[in-house]
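Quick notes on the structure that follows.
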Amino acid sequence: MNFLEERILKDGIVKEGNVLKVDSFLNHQMDVALLDEIGKEFHRRFADKQITKVLTIEASGIAIAYAVARCFGVPMVFAKKAKSINIDGDVYTAEVESFTHKNKNMVLVSKRFLSAEDKVLIVDDFLANGCALQGLISITEAAGASVEGIGIAVEKGFQYGGRSIRNLGYHLESLAIVESMDPKNKTVVFREQV
């Protein structure tokens with residue numbers, strides 16, 4: 001069992017509807033020491049790649065992506081869910097459906113921050129059905145950049161997202177893969193990883 005699985009068992013909360021709350025340490029209140037460990041672990045897992053950018057989606061992926069980008073010594077870019085007057089010029093866009101929020105958003109990244117020379121590591125906090133990842137992959141490929149890998153903190157292995165992304169041939173690494181959750185007994189079972 002790894003450090004993130006241990007923390008989920010200690011402080012995660014299982015709720016009805018396949019919801020695993022990790023907001024006390026990962027995506028609302030953040031344990032910065034844990035984020036540093038996540039950054040180091042993804043750096044170790046993708047050390048053979050020449051990463052030039054780390055890409056995520058707002059908001060919950062930002063802290064994790066920041067920790068990863070620090071370890072690689074590269075910029076972190078996040079896809080915004082709304083265009084503001086601060087974003088000038090052309091943008092890459094993708095429509096993304098959120099499992100957690102049960103809505104669709106058009107996400108965007110300024111064309112100034114992704115180019116064909118970039119080797120991108122996509123990072124996010126959760127992977128359920130893979131819609132956010134599909135959108136980030138689409139944006140990366142629209143820029144002509146290459147997806148060198150995908151790092152996920154928590155994957156819901158009982159949902160199809162991880163399987164579909166791997167079937168597309170992407171190098172996907174998840175730190176914790178939840179095999180099953182039982183809200184009645186408040187239990188989480190993790191997939192064994194090598």
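Simple scheme: letters A, B, ... for chains in structure tokens order, numbers from 1 for residues in each chain, numbers from 1 for ligands in the order shown.
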**OP:** List the neighbours of Ser60 in chain A out to 10 Å using only C-alpha atoms; skip same-chain residues closer than 3 positions along the sequence, and give me the result as a VMD selection string.
**Re:** chain A and resid 23 26 to 28 56 to 57 63 to 65 124 to 126
Just list as a CSV table (one decimal) with C-alpha atoms, in the first residue's frame whatever in chain A DSSP marks as alpha helix (DSSP H).
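Done, and the output landed in result-v3.csv:
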```
chain,number,residue,atom,x,y,z
A,3,PHE,CA,1.3,6.7,0.9
A,4,LEU,CA,-1.8,8.0,-1.0
A,5,GLU,CA,-3.8,4.8,-0.4
A,6,GLU,CA,-3.0,5.0,3.3
A,7,ARG,CA,-4.1,8.6,3.5
A,8,ILE,CA,-7.4,7.8,1.7
A,9,LEU,CA,-8.1,4.9,4.1
A,10,LYS,CA,-7.3,7.2,7.1
A,11,ASP,CA,-9.1,10.4,6.0
A,32,VAL,CA,1.1,20.4,1.1
A,33,ALA,CA,3.5,17.7,2.3
A,34,LEU,CA,1.3,15.1,0.7
A,35,LEU,CA,1.2,17.2,-2.5
A,36,ASP,CA,5.0,17.3,-2.5
A,37,GLU,CA,5.1,13.5,-2.2
A,38,ILE,CA,2.7,13.2,-5.1
A,39,GLY,CA,4.9,15.5,-7.2
A,40,LYS,CA,8.0,13.5,-6.4
A,41,GLU,CA,6.2,10.2,-7.2
A,42,PHE,CA,5.0,11.4,-10.6
A,43,HIS,CA,8.5,12.8,-11.3
A,44,ARG,CA,9.9,9.3,-10.6
A,45,ARG,CA,7.3,7.6,-12.7
A,61,GLY,CA,-6.0,19.6,-10.5
A,62,ILE,CA,-4.0,22.8,-10.1
A,63,ALA,CA,-2.3,22.1,-6.8
A,64,ILE,CA,-1.3,18.6,-7.8
A,65,ALA,CA,0.0,19.8,-11.2
A,66,TYR,CA,1.9,22.6,-9.5
A,67,ALA,CA,3.7,20.1,-7.3
A,68,VAL,CA,4.5,17.9,-10.3
A,69,ALA,CA,5.7,20.9,-12.4
A,70,ARG,CA,8.0,22.0,-9.6
A,71,CYS,CA,9.7,18.6,-9.6
A,72,PHE,CA,10.2,18.7,-13.4
A,131,CYS,CA,-14.1,13.1,-20.0
A,132,ALA,CA,-11.7,15.7,-18.5
A,133,LEU,CA,-8.7,13.8,-19.8
A,134,GLN,CA,-10.2,13.4,-23.2
A,135,GLY,CA,-10.6,17.2,-23.3
A,136,LEU,CA,-7.0,17.8,-22.2
A,137,ILE,CA,-5.7,15.3,-24.7
A,138,SER,CA,-7.7,17.0,-27.4
A,139,ILE,CA,-6.3,20.4,-26.5
A,140,THR,CA,-2.8,19.1,-26.4
A,141,GLU,CA,-3.1,17.4,-29.8
A,142,ALA,CA,-4.8,20.5,-31.3
A,161,GLY,CA,-12.2,6.1,-17.9
A,162,GLY,CA,-8.9,4.5,-17.1
A,163,ARG,CA,-9.5,1.5,-19.3
A,164,SER,CA,-10.6,3.7,-22.3
A,165,ILE,CA,-7.5,6.0,-21.9
A,166,ARG,CA,-5.1,3.1,-21.7
A,167,ASN,CA,-6.8,1.4,-24.7
```
Subject >> Residue contacts of Val107 in chain A (9 Å, only C-alpha atoms) excluding same-chain residues fewer than 6 positions away, as number ranges by chain >> reply: A: 57-58, 79-83, 92-96, 135-136
**OP:** Work out how far apart CA of Leu168 in chain A and CA of Leu20 in chain A are and give it in Å to one decimal.
**Re:**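 Atom-to-atom, CA of Leu168 in chain A and CA of Leu20 in chain A are spaced 26.2 Å apart.
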Subject >> Shell of 8 Å around range 181-184 of chain A, only C-alpha atoms, local chain residues under 2 positions omitted, as a list in words >> reply: Val14, Lys15, Glu16, Asn18, Val178, Glu179, Lys186, Thr187, Val188 and Val189 of chain A
Original post:
Which residues in chain A does DSSP call strand (DSSP E or B)? List them as an MDAnalysis selection string.
Top reply: chainID A and resid 13:15 19:21 53:57 76:80 91:98 103:110 119:127 146:156 172:182 187:190
Original post:
If you count only C-alpha atoms, which residues fall within 8 Å of Pro75 in chain A, apart from same-chain ones fewer than 2 positions away, as a list in words?
Top reply: Thr52, Lys53, Val54, Ala69, Arg70, Gly73 and Val77 of chain A
Original post:
In Å, how far is it from CA of Ile177 in chain A to CA of Arg191 in chain A?
Top reply: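 Interatomic distance here is 5.5 Å.
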**OP:** Excluding Gly144 in chain A and residues on its chain fewer than 6 positions from it, collect all residues at most 8 Å away from it, counting only C-alpha atoms, and give them as number ranges by chain.
**Re:** A: 115-117
Could those residues be written to a file, using C-alpha atoms, as a compact mmCIF listing (two decimals), in the first residue's frame?
```
# COMPACT_ATOMS: atom_id res chain seq x y z
CA SER A 115 2.96 24.69 -28.92
CA ALA A 116 4.02 21.88 -31.22
CA GLU A 117 7.40 21.74 -29.45
```
